[in-house]
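Trainee: Shown below is the structure under consideration.
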Amino acid sequence: MWSRISSRDRPRLLALGAVVLGLHVAGWGAVWLLAGPQYPMLLGLAGLAYSFGLRHAFDADHIAAIDNTTRRLMRDDARPLGVG
């Protein structure tokens with residue numbers, strides 16, 4: 001699949017992935033450093049909220065919106081790299 005991505009889009013895709021990964025690490029780091037020592041029960045609630053957020057991200061309405069946006073951008077000869 002990596003070979004199907006143009007060499008122009010690869011750095012953008014890697015940067016997007018790095019930003020998303022960095023936000024996840026920063027968020028969980030803040031939970032562990034700020035709430036973990038004083039309120040260890042909040043770690044379980046943070047995990048539950050995170051899993052609910054992941055489940056919500058894969059709802060049918062979100063997938064349909066991403067699909068519609070991707071199809072429209074491709075029809076308009078745009079690069080739908082960060083959609084979704």
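All residue names refer to the structure tokens as shown: chains lettered A, B, ... in order, residues numbered from 1 in each chain, ligands numbered from 1 in order.
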List as JSON, numbers by chain the protein and nucleic acid residues near range 75-80 of chain A, meaning an atom at most 12 Å away when only C-alpha atoms are counted, but skip any in the same chain fewer than 4 places from it.

Mentor: {"A": [5, 6, 8, 9, 12, 13, 66, 67, 68, 69, 70, 71, 84]}

Trainee: Dump as a tab-separated table the rows for residues of range 33-77 of chain A within 10 Å of range 21-28 of chain A: closest atom pair and distance in Å with one decimal, only C-alpha atoms counted, ordered by chain and rising residue number.

Mentor:
residue	atom	partner	partner_atom	distance
A:Leu33	CA	A:Trp28	CA	8.5
A:Leu34	CA	A:Trp28	CA	9.9
A:Leu43	CA	A:Trp28	CA	9.3
A:Ala46	CA	A:Trp28	CA	8.6
A:Gly47	CA	A:Trp28	CA	9.2
A:Tyr50	CA	A:Trp28	CA	9.6

Trainee: Residues of the last selection are to be written out with C-alpha atoms, as an mmCIF file, in the first residue's frame.

Mentor:
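Dumped to part-v4.cif:
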data_model
loop_
_atom_site.group_PDB
_atom_site.id
_atom_site.type_symbol
_atom_site.label_atom_id
_atom_site.label_comp_id
_atom_site.auth_asym_id
_atom_site.auth_seq_id
_atom_site.Cartn_x
_atom_site.Cartn_y
_atom_site.Cartn_z
ATOM 1 C CA LEU A 33 1.421 12.766 35.314
ATOM 2 C CA LEU A 34 -1.333 15.076 36.532
ATOM 3 C CA LEU A 43 -6.916 6.460 35.160
ATOM 4 C CA ALA A 46 -9.746 8.091 31.358
ATOM 5 C CA GLY A 47 -9.348 4.679 29.713
ATOM 6 C CA TYR A 50 -10.846 7.009 25.532
#

Trainee: Taking into account only C-alpha atoms, which residue in the set A:Val31, A:Val19, A:Ala64, A:Met1 is nearest to Ala49 in chain A?

Mentor: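 Closest to Ala49 in chain A, using only C-alpha atoms: A:Val31.
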
Trainee: Could you give me the residues within chain A that DSSP places in alpha helix (DSSP H), as number ranges by chain?

Mentor: A: 10-30, 41-57, 60-75

Trainee: Go ahead and compute the interatomic distance for CA of Leu48 in chain A and CA of Leu14 in chain A, in Å to one decimal.

Mentor: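 Going from CA of Leu48 in chain A over to CA of Leu14 in chain A, I get 28.4 Å.
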
Trainee: Just how far from CA of Leu81 in chain A is CA of Pro11 in chain A, in Å to one decimal?

Mentor: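 Atom-to-atom, CA of Pro11 in chain A to CA of Leu81 in chain A, that is 11.1 Å.
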